Amino acid sequence: MSVPVVSIVLPTRNGAATLTPLLDAIASQRVDSSAELVVVDSSSTDGSEALLRQRANVFITIPPAAFNHGLTRNLAIEKSRGDLIVLTVQDALPTSHEWLVALTAPLVRDARVAGSFARQLPRPDASPLAKRNLSRWVAASAAPRTATLAGIDDLNAMDPAARLERCAFDNVCSCIRRSVWQQHPFRDVPIAEDLRWAKEVLLAGHRLAYAPDATVVHSHERSAQYEFDRTQLLHAQLYDLFDLQTIPSVPALVRAIASTIADHARVQPGFHGLELAVAWPLGQYLGARSAAQARRAFRATMG
């Protein structure tokens with residue numbers, strides 16, 4: 001079996017606080033194949049550009065306003081040469097020297113696998129809410145899995161939550177096969193380019209693997225406003241992709257906020273927990289509602 005060439009694609013912006021340990025971890029990987037680092041930087045102003053230019057094989061600069069989750073990754077992949085493309089982010093830190101081997105292994109073993117994604121562990125100083133919320137995502141599980149779809153009828157037979165679970169994929173740390181990407185590049189979307197790609201390649205007959213032996217430390221502490229904006233964007237995409245509407249009505253929203261306030265009071269008392277108890281349900285409700293309204297308007301114009 002020939003050893004594949006691996007390209008590591010890293011979008012960055014003002015990542016000086018985390019880039020040095022990440023780049024050191026990448027350089028320390030015990031691999032038999034050649035690997036290159038392709039960086040696409042959104043015009044950093046914190047001094048990290050000099051470090052990245054020194055350590056990247058390919059360095060690309062774009063204006064901050066030009067960043068797009070799907071198209072920016074496509075740009076970097078176009079400039080890379082690897083058979084396998086590892087996609088990661090500037091604040092996801094590999095935990096071992098075998099991370100790269102473990103992440104690429106499903107694609108090396110099985111030509112039917114289009115992509116794999118890594119396990120995420122919370123930062124040691126992560127808040128209780130950040131730890132709990134990460135634990136609920138597929139990428140926190142210790143159990144490996146392989147996902148397939150028999151076709152669109154197979155997907156449509158599932159309820160919306162099961163559709164999301166089947167198409168789970170996460171570009172916080174993933175690996176994709178170049179030959180599949182050439183047929184199925186990432187789409188022009190504001191968020192969830194990884195889930196959209198996963199649904200597309202599964203419906204095309206490929207497989208996706210979750211590789212929990214490949215682990216990265218990655219979690220966030222964000223403002224309530226940021227979480228509201230992100231949740232609204234995400235749930236608009238989840239409705240568009242899977243018809244998922246976690247909070248379908250105003251009465252359901254009121255109940256969700258009340259139950260989330262009580263839950264956060266137990267898990268992480270304090271004002272920030274209270275803010276998030278409103279931001280997350282409200283973002284879910286408004287995001288899915290906007291996508292549903294857009295779909296109805298489109299159908300009306302189509303007659």
# chains A, B, ... in the order shown; residues from 1 in each chain; ligands from 1
>>> select_by_dssp(residues="stretch 24-272 of chain A", states="helix (DSSP H, G or I)", output="ChimeraX atom specification")
/A:24-27,48-55,64-66,71-78,99-109,128-135,138-140,152-156,160-166,178-183,193-203,224-242,250-267,271-272
>>> select_by_dssp(residues="stretch 66-146 of chain A", states="strand (DSSP E)", output="list in words")
Leu84, Ile85, Val86, Leu87, Thr88, Leu93, Pro94, Val113, Ala114, Gly115, Ser116, Phe117, Ala118, Arg119, Gln120, Leu121, Arg145 and Thr146 of chain A
>>> atom_distance(atom1="atom CA of A:Ala17", atom2="atom CA of A:Glu36")
22.3 Å
>>> closest_residue(among="A:Pro185, A:Asp125, A:Asp243, A:Val217", to="A:Asn156", atoms="only C-alpha atoms")
A:Asp243
>>> closest_residue(among="A:Ile247, A:Pro124, A:Ser42, A:Val278", to="A:Ala262", atoms="only C-alpha atoms")
A:Val278
>>> residues_around(residues="A:Asp229", least_positions_apart="2", cutoff="12 Å", atoms="only C-alpha atoms", output="PyMOL selection string")
chain A and resi 190-191+222-227+231-236+276+279-287
>>> closest_residue(among="A:Val180, A:Ala192, A:Val216, A:Ala258", to="A:Glu98", atoms="only C-alpha atoms")
A:Val216
>>> atom_distance(atom1="atom CA of A:Ile60", atom2="atom CA of A:Val39")
6.1 Å
>>> closest_atom_pairs(of="stretch 155-203 of chain A", to="stretch 102-119 of chain A", cutoff="7 Å", atoms="only C-alpha atoms", output="tab-separated table")
residue	atom	partner	partner_atom	distance
A:Phe169	CA	A:Phe117	CA	6.4
A:Asp170	CA	A:Phe117	CA	6.1
A:Cys173	CA	A:Ala118	CA	5.6
A:Ser174	CA	A:Phe117	CA	4.0
A:Cys175	CA	A:Ser116	CA	5.2
A:Ile176	CA	A:Gly115	CA	4.2
A:Arg177	CA	A:Ala114	CA	5.4
A:Val180	CA	A:Ala114	CA	6.3
>>> atom_distance(atom1="atom CA of A:Ala288", atom2="atom CA of A:Gln245")
5.7 Å
>>> closest_residue(among="A:Phe67, A:Trp137, A:Phe298, A:Trp99", to="A:Ser219", atoms="only C-alpha atoms")
A:Trp137
>>> residues_around(residues="stretch 54-57 of chain A", least_positions_apart="4", cutoff="12 Å", atoms="only C-alpha atoms", output="PyMOL selection string")
chain A and resi 7-12+19-20+22-24+26-27+34-41+48-50+76+79-81
>>> write_last_selection(atoms="C-alpha atoms", output="PDB file, in the first residue's frame")
ATOM      1  CA  SER A   7      -1.813  18.310   3.759  1.00  0.00           C
ATOM      2  CA  ILE A   8      -2.816  20.069   6.990  1.00  0.00           C
ATOM      3  CA  VAL A   9      -5.068  23.063   6.299  1.00  0.00           C
ATOM      4  CA  LEU A  10      -5.241  25.717   9.014  1.00  0.00           C
ATOM      5  CA  PRO A  11      -7.409  28.865   8.832  1.00  0.00           C
ATOM      6  CA  THR A  12      -6.088  31.526  11.218  1.00  0.00           C
ATOM      7  CA  LEU A  19      -0.462  28.859  17.562  1.00  0.00           C
ATOM      8  CA  THR A  20       2.971  28.005  18.957  1.00  0.00           C
ATOM      9  CA  LEU A  22      -0.314  23.835  17.931  1.00  0.00           C
ATOM     10  CA  LEU A  23       2.522  24.177  15.419  1.00  0.00           C
ATOM     11  CA  ASP A  24       4.877  22.348  17.786  1.00  0.00           C
ATOM     12  CA  ILE A  26       2.001  19.239  14.369  1.00  0.00           C
ATOM     13  CA  ALA A  27       5.781  19.150  13.954  1.00  0.00           C
ATOM     14  CA  SER A  34       5.250  13.392   4.059  1.00  0.00           C
ATOM     15  CA  ALA A  35       3.064  16.221   5.345  1.00  0.00           C
ATOM     16  CA  GLU A  36       2.708  19.887   4.486  1.00  0.00           C
ATOM     17  CA  LEU A  37       1.107  22.783   6.357  1.00  0.00           C
ATOM     18  CA  VAL A  38      -1.118  25.163   4.387  1.00  0.00           C
ATOM     19  CA  VAL A  39      -2.209  28.286   6.264  1.00  0.00           C
ATOM     20  CA  VAL A  40      -4.856  30.759   5.127  1.00  0.00           C
ATOM     21  CA  ASP A  41      -4.700  33.807   7.384  1.00  0.00           C
ATOM     22  CA  SER A  48       1.270  35.753  14.414  1.00  0.00           C
ATOM     23  CA  GLU A  49       1.770  36.236  10.670  1.00  0.00           C
ATOM     24  CA  ALA A  50       5.578  36.175  11.009  1.00  0.00           C
ATOM     25  CA  ALA A  76      -6.487  26.388   0.967  1.00  0.00           C
ATOM     26  CA  LYS A  79      -3.207  25.311  -2.928  1.00  0.00           C
ATOM     27  CA  SER A  80      -2.326  22.005  -1.256  1.00  0.00           C
ATOM     28  CA  ARG A  81      -1.032  18.791  -2.809  1.00  0.00           C
TER      29      ARG A  81
END
>>> closest_residue(among="A:Ala161, A:Ala277, A:Ala256, A:Leu149", to="A:Leu208", atoms="only C-alpha atoms")
A:Leu149
>>> closest_residue(among="A:Gln120, A:Gln29, A:Ser290, A:Ser127", to="A:Ala139", atoms="only C-alpha atoms")
A:Gln120
>>> residues_around(residues="A:Val6", least_positions_apart="4", cutoff="6 Å", atoms="only C-alpha atoms", output="list in words")
Ala35, Gly82, Leu84 and Ile85 of chain A
>>> write_last_selection(atoms="C-alpha atoms", output="compact mmCIF listing (two decimals), in the first residue's frame")
# COMPACT_ATOMS: atom_id res chain seq x y z
CA ALA A 35 3.06 16.22 5.35
CA GLY A 82 -2.01 16.04 -0.36
CA LEU A 84 -5.54 13.40 2.34
CA ILE A 85 -6.49 16.83 3.70
